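Here the structure comes first, spelled out in structure tokens, and everything after it is commentary.
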Amino acid sequence: MAFRRRLLGTTIALAAWFYGMSFKAIVITGILGLIFLFVVIPSIFRWSTLIQRQMVFLPWVHWPKHVDFDQPQNEGLEGAINFYIPTDLKVEVGVWHILPQDLIEQGQNKPKQWFDSSLKHGEPIVLYMHGNTGSRAREHRIELYKVLQKLNYHIICFDYRGYADSSPITPSKTGVVQDALKVYEYVKSLAPDIPLIVYGHSLGTAVATESVARLCEEGEPPTALILESPFNNIHDEIKYHPMSFLWRKMPWFKWFFTGTLNKNDVGFTSDQRIGQIYIPILIMHAKDDLVVPYILGEKLYQSALAKRPLDAKPVNFVNFEADKGLGHIFIYSAPETPSIIEHFISNSVNDNWPSQPKKA
């Protein structure tokens with residue numbers, strides 16, 4: 001990282017000299033550039049609530065573009081319907097209900113009421129919480145839905161406030177967790193006795209962990225929790241994110257970049273909240289993940305082992321070797337992923353776990 005920073009500075013200086021800037025102008029420009037990079041930008045991030053929320057959630061990154069959310073079949077999904085759920089005062093979120101494979105044919109041209117009643121059919125329901133950027137229609141999310149659909153699960157996926165066709169309100173930790181809990185409450189009201197699995201990816205793992213921790217505290221937990229490419233807490237995620245490489249060696253990095261995260265309502269701390277979760281947990285992480293480094297998933301797993309109740313259900317950690325090239329978003333494509341998910345959900349639904357060794 002230090003070499004890359006020096007190389008960047010040298011390249012800029014050579015380019016300035018090549019285009020005719022005097023040595024004095026290069027030095028002055030360099031000093032001003034350093035002040036902007038290492039004082040102005042960190043200061044803006046520390047003291048601007050809006051900037052912090054926008055950078056953590058990235059709701060302004062719209063990808064793919066020109067999605068007609070009322071027509072999920074245009075995105076390659078069969079047996080899906082679009083609708084909206086109110087989650088807060090003046091807030092509603094866009095939702096897709098995707099049928100399990102065995103119900104696709106029956107669900108053709110059926111109204112929403114039929115889709116709602118189909119949740120009671122008996123198949124497990126997966127409530128999916130996506131990461132930052134894009135919408136529920138991003139390609140890797142669509143491909144995961146197809147994997148889950150082929151496993152014969154219902155999928156409920158939604159966009160938090162500020163994303164896609166949901167209400168255009170800047171997201172916060174409080175807001176997106178509220179959205180998640182309201183969608184969960186909606187699904188449970190329609191199918192209270194059907195197994196419900198909460199599945200989070202990337203930033204969605206932090207939303208899922210916080211939501212499930214609250215549900216466990218209230219005595220109304222889901223059947224199980226799946227965390228794909230998770231981080232232990234937002235402070236470490238910002239430190240190790242590729243975008244922060246220019247600043248992470250600064251002596252005041254924590255003060256500038258993570259010191260006000262809790263105050264500005266983006267302070268996700270999954271490693272603290274996972275201790276309240278006593279249902280089964282599956283963590284999946286690829287060793288070549290550059291967006292959320294593998295070590296952060298390991299740290300979350302170790303926190304789960306250390307902090308969860310003695311009588312908690314198992315927490316399983318599955319890693320994928322770097323030579324598979326799965327990175328941050330392609331775990332769904334691994335040949336073994338469907339069987340890993342199916343085995344975990346089946347054991348969770350049937351409470352079929354081997355006896356766990358007691359903690360020392």
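Each chain of the structure tokens is named A, B, ... in the order shown, its residues numbered from 1; ligands are numbered from 1 in display order.
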Tell me, as an MDAnalysis selection string, which residues lie within 12 Å of Trp63 of chain A, counting only C-alpha atoms; anything in the same chain fewer than 6 positions away does not count. chainID A and resid 132:141 163:164
Report as a list in words all protein, DNA and RNA residues lying within 8 Å of Phe231 of chain A, evaluated on only C-alpha atoms, omitting residues in the same chain fewer than 3 positions from it.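 These residues fall inside the cut-off: Ser202, Leu203, Thr205, Ala206, Ile234, Asp236, Glu237, Ser270, Val292, Pro293, Leu296, Gly297, Lys299 and Leu300 of chain A.
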With only C-alpha atoms counted and 12 Å as the cut-off, give the residues of segment 289-324 of chain A in contact with segment 281-284 of chain A, each with its shortest interatomic distance in Å and the pair that gives it, as JSON lines.
{"residue": "A:Asp289", "atom": "CA", "partner": "A:Met284", "partner_atom": "CA", "distance": 11.2}
{"residue": "A:Val292", "atom": "CA", "partner": "A:Met284", "partner_atom": "CA", "distance": 11.9}
{"residue": "A:Tyr294", "atom": "CA", "partner": "A:Met284", "partner_atom": "CA", "distance": 9.7}
{"residue": "A:Leu296", "atom": "CA", "partner": "A:Ile283", "partner_atom": "CA", "distance": 11.4}
{"residue": "A:Gly297", "atom": "CA", "partner": "A:Ile283", "partner_atom": "CA", "distance": 7.7}
{"residue": "A:Glu298", "atom": "CA", "partner": "A:Ile283", "partner_atom": "CA", "distance": 9.1}
{"residue": "A:Lys299", "atom": "CA", "partner": "A:Ile283", "partner_atom": "CA", "distance": 11.3}
{"residue": "A:Leu300", "atom": "CA", "partner": "A:Ile283", "partner_atom": "CA", "distance": 8.9}
{"residue": "A:Tyr301", "atom": "CA", "partner": "A:Ile283", "partner_atom": "CA", "distance": 7.4}
{"residue": "A:Gln302", "atom": "CA", "partner": "A:Ile283", "partner_atom": "CA", "distance": 11.2}
{"residue": "A:Ala304", "atom": "CA", "partner": "A:Ile281", "partner_atom": "CA", "distance": 9.1}
{"residue": "A:Leu305", "atom": "CA", "partner": "A:Ile281", "partner_atom": "CA", "distance": 10.8}
{"residue": "A:Arg308", "atom": "CA", "partner": "A:Ile281", "partner_atom": "CA", "distance": 10.9}
{"residue": "A:Ala312", "atom": "CA", "partner": "A:Ile281", "partner_atom": "CA", "distance": 9.8}
{"residue": "A:Lys313", "atom": "CA", "partner": "A:Ile281", "partner_atom": "CA", "distance": 7.7}
{"residue": "A:Pro314", "atom": "CA", "partner": "A:Ile281", "partner_atom": "CA", "distance": 6.5}
{"residue": "A:Val315", "atom": "CA", "partner": "A:Ile281", "partner_atom": "CA", "distance": 4.5}
{"residue": "A:Asn316", "atom": "CA", "partner": "A:Leu282", "partner_atom": "CA", "distance": 4.8}
{"residue": "A:Phe317", "atom": "CA", "partner": "A:Ile283", "partner_atom": "CA", "distance": 4.8}
{"residue": "A:Val318", "atom": "CA", "partner": "A:Met284", "partner_atom": "CA", "distance": 4.8}
{"residue": "A:Asn319", "atom": "CA", "partner": "A:Met284", "partner_atom": "CA", "distance": 5.8}
{"residue": "A:Phe320", "atom": "CA", "partner": "A:Met284", "partner_atom": "CA", "distance": 7.8}
{"residue": "A:Glu321", "atom": "CA", "partner": "A:Met284", "partner_atom": "CA", "distance": 11.3}
Contacts of Ile345 of chain A at 9 Å (only C-alpha atoms; same-chain gap of 5+ positions) as a tab-separated table (two decimals) with N, CA and C atoms, in the first residue's frame:
chain	number	residue	atom	x	y	z
A	124	PRO	N	-40.14	-23.53	3.07
A	124	PRO	CA	-39.45	-22.48	3.83
A	124	PRO	C	-39.44	-21.16	3.07
A	197	ILE	N	-36.26	-18.05	7.12
A	197	ILE	CA	-34.81	-17.91	7.24
A	197	ILE	C	-34.44	-16.51	6.78
A	223	THR	N	-36.30	-18.86	11.98
A	223	THR	CA	-35.82	-20.23	12.12
A	223	THR	C	-34.30	-20.30	12.10
A	224	ALA	N	-33.68	-19.48	11.26
A	224	ALA	CA	-32.23	-19.52	11.11
A	224	ALA	C	-31.75	-18.23	10.45
A	340	ILE	N	-24.94	-26.73	0.44
A	340	ILE	CA	-24.60	-26.15	1.74
A	340	ILE	C	-25.82	-25.46	2.34
A	350	ASN	N	-35.68	-28.86	10.91
A	350	ASN	CA	-35.95	-30.11	11.63
A	350	ASN	C	-35.25	-30.19	12.98
Residue with smallest distance to Tyr128 of chain A - pool A:Gln54, A:Pro64, A:Ser166, A:Glu228, counting only C-alpha atoms: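 Nearest candidate to Tyr128 of chain A out of A:Gln54, A:Pro64, A:Ser166, A:Glu228: A:Glu228.
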As a ChimeraX atom specification, please: every residue in segment 28-130 of chain A that DSSP puts in helix (DSSP H, G or I). /A:28-47,49-57,72-75,101-103,112-121
Extract the full set of strand (DSSP E or B) residues from segment 87-313 of chain A according to DSSP on the backbone, and format it as a VMD selection string. chain A and resid 87 to 88 91 to 98 125 to 129 154 to 158 196 to 201 224 to 228 281 to 286
Saved selection, atoms kept: N, CA and C atoms, as an mmCIF file, in the first residue's frame:
data_model
loop_
_atom_site.group_PDB
_atom_site.id
_atom_site.type_symbol
_atom_site.label_atom_id
_atom_site.label_comp_id
_atom_site.auth_asym_id
_atom_site.auth_seq_id
_atom_site.Cartn_x
_atom_site.Cartn_y
_atom_site.Cartn_z
ATOM 1 N N THR A 87 -43.386 0.857 5.981
ATOM 2 C CA THR A 87 -42.531 0.453 7.099
ATOM 3 C C THR A 87 -42.337 1.550 8.141
ATOM 4 N N ASP A 88 -42.735 2.754 7.819
ATOM 5 C CA ASP A 88 -42.537 3.880 8.730
ATOM 6 C C ASP A 88 -43.417 5.018 8.239
ATOM 7 N N VAL A 91 -42.895 6.178 4.658
ATOM 8 C CA VAL A 91 -41.903 5.288 4.055
ATOM 9 C C VAL A 91 -42.577 3.993 3.620
ATOM 10 N N GLU A 92 -42.317 3.588 2.383
ATOM 11 C CA GLU A 92 -42.713 2.268 1.921
ATOM 12 C C GLU A 92 -41.567 1.686 1.109
ATOM 13 N N VAL A 93 -41.459 0.378 1.146
ATOM 14 C CA VAL A 93 -40.354 -0.280 0.448
ATOM 15 C C VAL A 93 -40.896 -1.211 -0.622
ATOM 16 N N GLY A 94 -40.157 -1.288 -1.720
ATOM 17 C CA GLY A 94 -40.510 -2.175 -2.810
ATOM 18 C C GLY A 94 -40.092 -3.607 -2.507
ATOM 19 N N VAL A 95 -40.987 -4.553 -2.815
ATOM 20 C CA VAL A 95 -40.769 -5.961 -2.448
ATOM 21 C C VAL A 95 -41.072 -6.866 -3.638
ATOM 22 N N TRP A 96 -40.271 -7.903 -3.792
ATOM 23 C CA TRP A 96 -40.602 -8.995 -4.705
ATOM 24 C C TRP A 96 -40.876 -10.259 -3.894
ATOM 25 N N HIS A 97 -41.932 -10.963 -4.258
ATOM 26 C CA HIS A 97 -42.190 -12.308 -3.744
ATOM 27 C C HIS A 97 -41.945 -13.259 -4.901
ATOM 28 N N ILE A 98 -40.965 -14.145 -4.744
ATOM 29 C CA ILE A 98 -40.592 -15.093 -5.780
ATOM 30 C C ILE A 98 -41.002 -16.486 -5.314
ATOM 31 N N ILE A 125 -39.423 -20.085 3.834
ATOM 32 C CA ILE A 125 -39.405 -18.733 3.273
ATOM 33 C C ILE A 125 -38.050 -18.107 3.590
ATOM 34 N N VAL A 126 -37.398 -17.554 2.573
ATOM 35 C CA VAL A 126 -36.121 -16.865 2.764
ATOM 36 C C VAL A 126 -36.360 -15.363 2.613
ATOM 37 N N LEU A 127 -36.070 -14.622 3.665
ATOM 38 C CA LEU A 127 -36.159 -13.161 3.632
ATOM 39 C C LEU A 127 -34.764 -12.626 3.365
ATOM 40 N N TYR A 128 -34.552 -12.048 2.179
ATOM 41 C CA TYR A 128 -33.224 -11.653 1.727
ATOM 42 C C TYR A 128 -32.988 -10.161 1.925
ATOM 43 N N MET A 129 -31.828 -9.826 2.525
ATOM 44 C CA MET A 129 -31.435 -8.436 2.765
ATOM 45 C C MET A 129 -30.131 -8.169 2.027
ATOM 46 N N HIS A 154 -39.644 -20.116 -0.964
ATOM 47 C CA HIS A 154 -40.153 -18.784 -1.265
ATOM 48 C C HIS A 154 -39.034 -17.781 -0.991
ATOM 49 N N ILE A 155 -38.945 -16.741 -1.798
ATOM 50 C CA ILE A 155 -37.979 -15.673 -1.540
ATOM 51 C C ILE A 155 -38.729 -14.356 -1.429
ATOM 52 N N ILE A 156 -38.499 -13.653 -0.351
ATOM 53 C CA ILE A 156 -39.002 -12.292 -0.178
ATOM 54 C C ILE A 156 -37.777 -11.384 -0.148
ATOM 55 N N CYS A 157 -37.640 -10.519 -1.145
ATOM 56 C CA CYS A 157 -36.515 -9.581 -1.188
ATOM 57 C C CYS A 157 -37.064 -8.169 -1.337
ATOM 58 N N PHE A 158 -36.343 -7.216 -0.793
ATOM 59 C CA PHE A 158 -36.859 -5.839 -0.781
ATOM 60 C C PHE A 158 -35.711 -4.852 -0.851
ATOM 61 N N LEU A 196 -38.973 -19.581 8.550
ATOM 62 C CA LEU A 196 -38.526 -18.344 7.906
ATOM 63 C C LEU A 196 -37.036 -18.165 8.189
ATOM 64 N N ILE A 197 -36.263 -18.052 7.121
ATOM 65 C CA ILE A 197 -34.813 -17.910 7.238
ATOM 66 C C ILE A 197 -34.435 -16.505 6.783
ATOM 67 N N VAL A 198 -33.706 -15.788 7.602
ATOM 68 C CA VAL A 198 -33.206 -14.466 7.232
ATOM 69 C C VAL A 198 -31.827 -14.644 6.606
ATOM 70 N N TYR A 199 -31.641 -14.030 5.421
ATOM 71 C CA TYR A 199 -30.401 -14.188 4.652
ATOM 72 C C TYR A 199 -29.875 -12.796 4.328
ATOM 73 N N GLY A 200 -28.668 -12.478 4.790
ATOM 74 C CA GLY A 200 -28.062 -11.187 4.497
ATOM 75 C C GLY A 200 -26.762 -11.338 3.739
ATOM 76 N N HIS A 201 -26.479 -10.367 2.871
ATOM 77 C CA HIS A 201 -25.220 -10.352 2.131
ATOM 78 C C HIS A 201 -24.519 -9.020 2.343
ATOM 79 N N ALA A 224 -33.681 -19.475 11.256
ATOM 80 C CA ALA A 224 -32.228 -19.522 11.111
ATOM 81 C C ALA A 224 -31.754 -18.229 10.448
ATOM 82 N N LEU A 225 -30.434 -18.058 10.456
ATOM 83 C CA LEU A 225 -29.802 -16.858 9.898
ATOM 84 C C LEU A 225 -28.639 -17.275 9.011
ATOM 85 N N ILE A 226 -28.599 -16.741 7.787
ATOM 86 C CA ILE A 226 -27.486 -16.978 6.867
ATOM 87 C C ILE A 226 -26.792 -15.652 6.604
ATOM 88 N N LEU A 227 -25.482 -15.628 6.762
ATOM 89 C CA LEU A 227 -24.676 -14.421 6.546
ATOM 90 C C LEU A 227 -23.635 -14.724 5.474
ATOM 91 N N GLU A 228 -23.770 -14.059 4.334
ATOM 92 C CA GLU A 228 -22.832 -14.254 3.221
ATOM 93 C C GLU A 228 -21.909 -13.043 3.107
ATOM 94 N N ILE A 281 -26.857 -20.397 12.828
ATOM 95 C CA ILE A 281 -26.242 -19.394 11.955
ATOM 96 C C ILE A 281 -25.308 -20.094 10.971
ATOM 97 N N LEU A 282 -25.406 -19.705 9.702
ATOM 98 C CA LEU A 282 -24.468 -20.141 8.667
ATOM 99 C C LEU A 282 -23.732 -18.912 8.157
ATOM 100 N N ILE A 283 -22.394 -18.948 8.204
ATOM 101 C CA ILE A 283 -21.564 -17.875 7.657
ATOM 102 C C ILE A 283 -20.800 -18.441 6.469
ATOM 103 N N MET A 284 -20.873 -17.746 5.330
ATOM 104 C CA MET A 284 -20.138 -18.145 4.129
ATOM 105 C C MET A 284 -19.246 -16.985 3.687
ATOM 106 N N HIS A 285 -17.980 -17.276 3.378
ATOM 107 C CA HIS A 285 -17.068 -16.206 2.977
ATOM 108 C C HIS A 285 -16.005 -16.767 2.038
ATOM 109 N N ALA A 286 -15.691 -16.001 0.997
ATOM 110 C CA ALA A 286 -14.635 -16.376 0.051
ATOM 111 C C ALA A 286 -13.313 -15.738 0.478
#
Which residue, A:Phe268, A:Tyr160, A:Tyr184, A:Tyr145, has the smallest gap to Leu77 of chain A when you use only C-alpha atoms?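 For Leu77 of chain A, the nearest of the given residues is A:Tyr145.
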For a test of reading the model, state the distance in Å between atom CA of His343 of chain A and atom CA of Val291 of chain A, rounded to one decimal. 27.4 Å
At what distance in Å, to one decimal, does atom CA of Thr49 of chain A lie from atom CA of Phe245 of chain A?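 Calculated distance between atom CA of Phe245 of chain A and atom CA of Thr49 of chain A is 21.9 Å.
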One decimal place gives the atom CA of Glu143 of chain A-atom CA of Ser211 of chain A separation as 24.6 Å
Counting only C-alpha atoms, closest pick from A:Asn152, A:Gly162, A:Ser118, A:Val147 relative to His62 of chain A is A:Gly162
When distances are computed from only C-alpha atoms, which of A:His66, A:Val177, A:Thr170, A:Leu190 shows the smallest separation from Trp114 of chain A?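 Going through A:His66, A:Val177, A:Thr170, A:Leu190 one by one, the smallest distance to Trp114 of chain A is for A:Leu190.
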Env of Asp116 of chain A: 10 Å cut, atoms = only C-alpha atoms, seq-sep filter 4 positions within chain, self excluded. Answer as a PyMOL selection string. chain A and resi 97+111-112+120-121+187+190-191
Counting only C-alpha atoms, the residue of A:Arg161, A:Lys146, A:His130, A:Arg273 that sits nearest Glu217 of chain A: A:Arg273
A:Asn352, A:Ser43, A:Ser229, A:Thr209 ranked by distance to Lys287 of chain A, top pick (using only C-alpha atoms): A:Ser229
